[in-house]
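As C-alpha coordinates, the structure follows; a few thoughts come after it.
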Amino acid sequence: MNTQTTPSPQFYLTAPATCPYLPGQLERKVFTHLVGPRAAEMNDLLTQGGFRRSQNIAYRPACETCRACVSVRILAGQFAPTKSMRRVLGINSDLVATVHQSEPSTEQFSLFRRYLDHRHQSGGMSDMSALDYAVMVEDTHVNTRIIEYRKRAPGAGIDDSKRGELIAVALTDTMSDGLSMVYSFFNPDYEKRSLGTYLILDHIARTRTLGLPHVYLGYWVDGSDKMGYKTRYHPQEHLTPRGWELYEAPTT
(Lines give C-alpha, C1' and ligand atoms only; values in the text may rest on other atoms or scores of the structure.)
Protein backbone atom coordinates (compact mmCIF):
# COMPACT_ATOMS: atom_id res chain seq x y z
CA MET A 1 0.00 0.00 0.00
CA ASN A 2 1.31 3.44 -0.95
CA THR A 3 1.21 5.67 2.13
CA GLN A 4 3.27 8.48 0.64
CA THR A 5 1.66 11.90 1.11
CA THR A 6 2.10 15.09 -0.86
CA PRO A 7 4.71 17.31 0.82
CA SER A 8 3.22 20.31 2.61
CA PRO A 9 4.55 23.77 1.75
CA GLN A 10 7.29 25.11 3.98
CA PHE A 11 6.77 28.62 5.36
CA TYR A 12 9.50 31.07 6.32
CA LEU A 13 9.62 34.40 8.15
CA THR A 14 11.60 37.42 6.98
CA ALA A 15 13.68 39.59 9.28
CA PRO A 16 12.19 42.96 10.34
CA ALA A 17 12.59 45.73 7.75
CA THR A 18 11.42 49.32 7.37
CA CYS A 19 7.75 49.50 6.40
CA PRO A 20 7.32 51.15 2.96
CA TYR A 21 3.82 52.40 3.81
CA LEU A 22 3.68 53.62 7.40
CA PRO A 23 6.44 55.74 8.97
CA GLY A 24 8.00 54.38 12.13
CA GLN A 25 6.77 50.84 11.55
CA LEU A 26 8.68 47.65 10.84
CA GLU A 27 7.35 44.94 8.53
CA ARG A 28 7.82 41.20 8.51
CA LYS A 29 6.44 38.69 6.02
CA VAL A 30 5.70 35.00 6.05
CA PHE A 31 6.31 33.36 2.68
CA THR A 32 6.47 30.08 0.81
CA HIS A 33 7.45 28.91 -2.67
CA LEU A 34 4.86 28.32 -5.41
CA VAL A 35 6.43 25.56 -7.47
CA GLY A 36 5.53 22.14 -8.79
CA PRO A 37 2.33 20.65 -10.20
CA ARG A 38 0.15 21.97 -7.35
CA ALA A 39 1.38 25.57 -7.61
CA ALA A 40 -1.87 26.90 -9.15
CA GLU A 41 -4.02 25.13 -6.56
CA MET A 42 -1.80 26.42 -3.76
CA ASN A 43 -1.90 29.95 -5.18
CA ASP A 44 -5.71 29.85 -5.11
CA LEU A 45 -5.82 28.70 -1.49
CA LEU A 46 -3.17 31.12 -0.28
CA THR A 47 -4.66 34.11 -2.13
CA GLN A 48 -8.04 33.32 -0.59
CA GLY A 49 -6.21 33.24 2.75
CA GLY A 50 -4.69 36.70 2.33
CA PHE A 51 -1.41 35.95 0.55
CA ARG A 52 -0.07 37.74 -2.52
CA ARG A 53 2.12 36.36 -5.30
CA SER A 54 5.46 37.80 -6.40
CA GLN A 55 7.20 35.61 -8.99
CA ASN A 56 7.19 32.10 -7.47
CA ILE A 57 6.76 33.37 -3.91
CA ALA A 58 3.49 33.71 -1.98
CA TYR A 59 3.71 36.07 1.00
CA ARG A 60 1.59 37.89 3.53
CA PRO A 61 2.34 40.42 6.30
CA ALA A 62 3.32 39.00 9.69
CA CYS A 63 4.11 42.20 11.55
CA GLU A 64 4.36 41.94 15.33
CA THR A 65 2.74 45.23 16.35
CA CYS A 66 0.68 46.32 13.34
CA ARG A 67 -2.37 44.96 11.50
CA ALA A 68 -2.87 47.82 9.04
CA CYS A 69 -2.51 45.64 5.91
CA VAL A 70 -5.88 44.17 4.95
CA SER A 71 -6.57 41.87 1.98
CA VAL A 72 -9.22 43.30 -0.36
CA ARG A 73 -11.37 41.67 -3.03
CA ILE A 74 -14.14 43.22 -5.13
CA LEU A 75 -17.45 41.41 -5.60
CA ALA A 76 -17.45 41.68 -9.38
CA GLY A 77 -21.00 40.47 -10.02
CA GLN A 78 -22.53 43.10 -7.74
CA PHE A 79 -20.26 45.99 -8.66
CA ALA A 80 -21.82 49.19 -9.97
CA PRO A 81 -19.49 51.97 -11.23
CA THR A 82 -19.88 55.48 -9.90
CA LYS A 83 -20.49 58.45 -12.17
CA SER A 84 -16.77 59.31 -12.18
CA MET A 85 -15.89 55.69 -12.99
CA ARG A 86 -18.29 55.68 -15.93
CA ARG A 87 -16.54 58.82 -17.14
CA VAL A 88 -13.17 56.99 -16.93
CA LEU A 89 -14.62 54.15 -19.03
CA GLY A 90 -15.78 56.66 -21.62
CA ILE A 91 -12.44 58.46 -21.80
CA ASN A 92 -10.66 55.14 -22.39
CA SER A 93 -13.14 53.69 -24.88
CA ASP A 94 -10.47 54.04 -27.58
CA LEU A 95 -8.17 51.51 -25.89
CA VAL A 96 -7.69 47.99 -27.22
CA ALA A 97 -6.71 45.28 -24.73
CA THR A 98 -4.85 42.14 -25.83
CA VAL A 99 -4.09 39.14 -23.62
CA HIS A 100 -0.69 37.49 -24.06
CA GLN A 101 1.32 34.70 -22.48
CA SER A 102 3.44 35.91 -19.55
CA GLU A 103 6.37 36.91 -21.72
CA PRO A 104 8.18 40.26 -21.40
CA SER A 105 9.00 42.63 -24.22
CA THR A 106 11.33 45.58 -24.69
CA GLU A 107 8.31 47.81 -25.24
CA GLN A 108 6.78 46.71 -21.93
CA PHE A 109 10.01 47.29 -20.04
CA SER A 110 10.39 50.78 -21.50
CA LEU A 111 6.92 51.67 -20.22
CA PHE A 112 7.66 49.97 -16.89
CA ARG A 113 10.81 52.06 -16.38
CA ARG A 114 8.96 55.23 -17.31
CA TYR A 115 6.29 54.41 -14.74
CA LEU A 116 8.81 53.64 -11.98
CA ASP A 117 10.89 56.73 -12.66
CA HIS A 118 7.79 58.90 -12.36
CA ARG A 119 5.82 57.17 -9.58
CA HIS A 120 8.30 55.14 -7.48
CA GLN A 121 11.71 56.78 -7.64
CA SER A 122 12.64 55.68 -4.10
CA GLY A 123 10.70 52.42 -3.84
CA GLY A 124 12.05 48.91 -3.59
CA MET A 125 11.56 48.38 -7.34
CA SER A 126 13.22 51.63 -8.42
CA ASP A 127 16.47 50.02 -9.63
CA MET A 128 14.93 47.07 -11.49
CA SER A 129 16.73 46.13 -14.70
CA ALA A 130 15.38 44.54 -17.86
CA LEU A 131 16.41 41.16 -16.47
CA ASP A 132 14.59 41.86 -13.21
CA TYR A 133 11.47 42.75 -15.16
CA ALA A 134 11.71 39.58 -17.23
CA VAL A 135 11.96 37.49 -14.07
CA MET A 136 8.94 39.26 -12.57
CA VAL A 137 6.86 38.36 -15.62
CA GLU A 138 8.18 34.90 -16.49
CA ASP A 139 8.90 33.35 -13.08
CA THR A 140 5.48 31.84 -12.51
CA HIS A 141 4.09 28.34 -12.09
CA VAL A 142 0.46 29.47 -12.14
CA ASN A 143 -1.99 30.70 -14.78
CA THR A 144 -0.54 34.15 -15.45
CA ARG A 145 -1.15 36.46 -18.39
CA ILE A 146 0.05 39.86 -19.58
CA ILE A 147 -2.67 42.25 -20.75
CA GLU A 148 -1.49 45.07 -23.00
CA TYR A 149 -3.63 48.18 -23.42
CA ARG A 150 -3.01 50.20 -26.57
CA LYS A 151 -4.53 53.24 -28.19
CA ARG A 152 -6.46 52.15 -31.24
CA ALA A 153 -4.30 52.79 -34.29
CA PRO A 154 -5.83 54.51 -37.34
CA GLY A 155 -6.97 51.82 -39.76
CA ALA A 156 -6.51 49.05 -37.19
CA GLY A 157 -9.93 47.63 -37.99
CA ILE A 158 -8.82 47.04 -41.57
CA ASP A 159 -5.20 46.01 -41.00
CA ASP A 160 -4.73 43.84 -37.90
CA SER A 161 -0.96 44.30 -38.11
CA LYS A 162 -1.27 47.93 -37.05
CA ARG A 163 -0.66 48.38 -33.34
CA GLY A 164 -1.22 51.59 -31.47
CA GLU A 165 0.84 53.07 -28.66
CA LEU A 166 1.23 50.87 -25.59
CA ILE A 167 0.04 52.91 -22.60
CA ALA A 168 -0.75 50.35 -19.89
CA VAL A 169 0.10 46.77 -18.89
CA ALA A 170 -1.34 44.39 -16.29
CA LEU A 171 0.19 41.17 -14.97
CA THR A 172 -2.79 39.06 -13.92
CA ASP A 173 -3.37 35.61 -12.41
CA THR A 174 -6.51 33.67 -13.30
CA MET A 175 -7.74 31.65 -10.33
CA SER A 176 -10.68 29.36 -9.65
CA ASP A 177 -12.71 32.17 -8.09
CA GLY A 178 -11.55 35.26 -9.96
CA LEU A 179 -8.66 37.40 -11.17
CA SER A 180 -5.76 38.59 -9.06
CA MET A 181 -4.06 41.81 -10.15
CA VAL A 182 -0.43 40.99 -9.45
CA TYR A 183 1.08 44.21 -10.82
CA SER A 184 0.10 46.93 -13.26
CA PHE A 185 1.75 50.02 -14.68
CA PHE A 186 0.95 52.74 -17.20
CA ASN A 187 2.17 55.84 -18.96
CA PRO A 188 2.12 58.64 -16.35
CA ASP A 189 1.75 61.27 -19.08
CA TYR A 190 -1.89 60.26 -19.55
CA GLU A 191 -3.01 61.49 -16.14
CA LYS A 192 -6.43 62.60 -17.37
CA ARG A 193 -7.26 59.05 -18.42
CA SER A 194 -7.07 57.76 -14.79
CA LEU A 195 -5.50 54.57 -16.12
CA GLY A 196 -5.10 52.98 -12.69
CA THR A 197 -8.86 53.19 -12.19
CA TYR A 198 -9.50 51.97 -15.73
CA LEU A 199 -7.37 48.85 -15.28
CA ILE A 200 -9.35 47.84 -12.20
CA LEU A 201 -12.67 48.48 -13.97
CA ASP A 202 -11.50 46.40 -16.93
CA HIS A 203 -10.56 43.52 -14.62
CA ILE A 204 -13.98 43.68 -12.98
CA ALA A 205 -15.59 43.39 -16.42
CA ARG A 206 -13.31 40.49 -17.38
CA THR A 207 -14.12 38.68 -14.15
CA ARG A 208 -17.83 39.02 -14.77
CA THR A 209 -17.42 37.73 -18.33
CA LEU A 210 -15.64 34.66 -16.94
CA GLY A 211 -18.54 34.10 -14.53
CA LEU A 212 -16.23 34.39 -11.54
CA PRO A 213 -16.98 36.33 -8.34
CA HIS A 214 -13.82 38.14 -7.22
CA VAL A 215 -11.14 40.62 -8.23
CA TYR A 216 -8.25 40.48 -5.76
CA LEU A 217 -6.55 43.86 -5.31
CA GLY A 218 -3.92 42.93 -2.75
CA TYR A 219 -3.55 44.94 0.44
CA TRP A 220 -5.30 48.06 1.57
CA VAL A 221 -3.13 49.74 4.20
CA ASP A 222 -5.17 51.63 6.74
CA GLY A 223 -3.46 54.99 7.25
CA SER A 224 -1.58 55.01 3.92
CA ASP A 225 -2.89 57.64 1.50
CA LYS A 226 -1.41 55.92 -1.56
CA MET A 227 -3.43 52.77 -0.82
CA GLY A 228 -6.71 54.58 -0.20
CA TYR A 229 -7.94 54.07 -3.77
CA LYS A 230 -8.58 50.38 -3.13
CA THR A 231 -11.65 51.05 -0.99
CA ARG A 232 -13.45 52.96 -3.78
CA TYR A 233 -14.85 49.84 -5.49
CA HIS A 234 -18.07 48.57 -3.91
CA PRO A 235 -19.18 46.12 -2.83
CA GLN A 236 -15.93 44.65 -1.58
CA GLU A 237 -14.82 42.26 1.12
CA HIS A 238 -11.94 42.54 3.60
CA LEU A 239 -10.23 39.56 5.18
CA THR A 240 -10.63 39.77 8.95
CA PRO A 241 -9.84 37.32 11.77
CA ARG A 242 -13.41 36.06 11.25
CA GLY A 243 -12.91 35.49 7.51
CA TRP A 244 -13.98 37.55 4.50
CA GLU A 245 -16.50 40.21 5.53
CA LEU A 246 -18.37 42.89 3.61
CA TYR A 247 -16.65 46.25 3.99
CA GLU A 248 -18.68 49.29 4.87
CA ALA A 249 -16.96 52.60 4.25
CA PRO A 250 -17.03 54.93 7.26
CA THR A 251 -19.51 57.76 6.94
CA THR A 252 -18.26 61.31 7.29
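Please note that chains go A, B, ... in the order of the C-alpha coordinates, that every chain numbers its residues from 1, and that ligands are numbered from 1 in the order shown.
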Item to complete: List the neighbours of segment 236-249 of chain A out to 8 Å using only C-alpha atoms; skip same-chain residues closer than 2 positions along the sequence, and give me the result as number ranges by chain.
Response: A: 49-50, 70-75, 231, 233-234, 251
Discussion item. What's around segment 188-192 of chain A at 9 Å? Count only C-alpha atoms, leave out sequence neighbours fewer than 4 positions away in its own chain, and write the answer as an NGL selection string.
Written reply: :A and (88 or 91 or 114-115 or 118-119 or 167)
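Among the candidate residues A:Trp220, A:Arg232, A:Asp225, A:Ser102, the one lying nearest to Ala170 of chain A is A:Ser102, with distances computed using only C-alpha atoms.
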Item to complete: Give me the residues within 6 Å of Lys29 of chain A as an MDAnalysis selection string, counting only C-alpha atoms and dropping any in the same chain fewer than 3 places off.
Response: chainID A and resid 13:14 60:62
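If you measure from each of A:His214, A:His203, A:Lys83, A:Lys151 to Gly178 of chain A using only C-alpha atoms, the closest one turns out to be A:His214.
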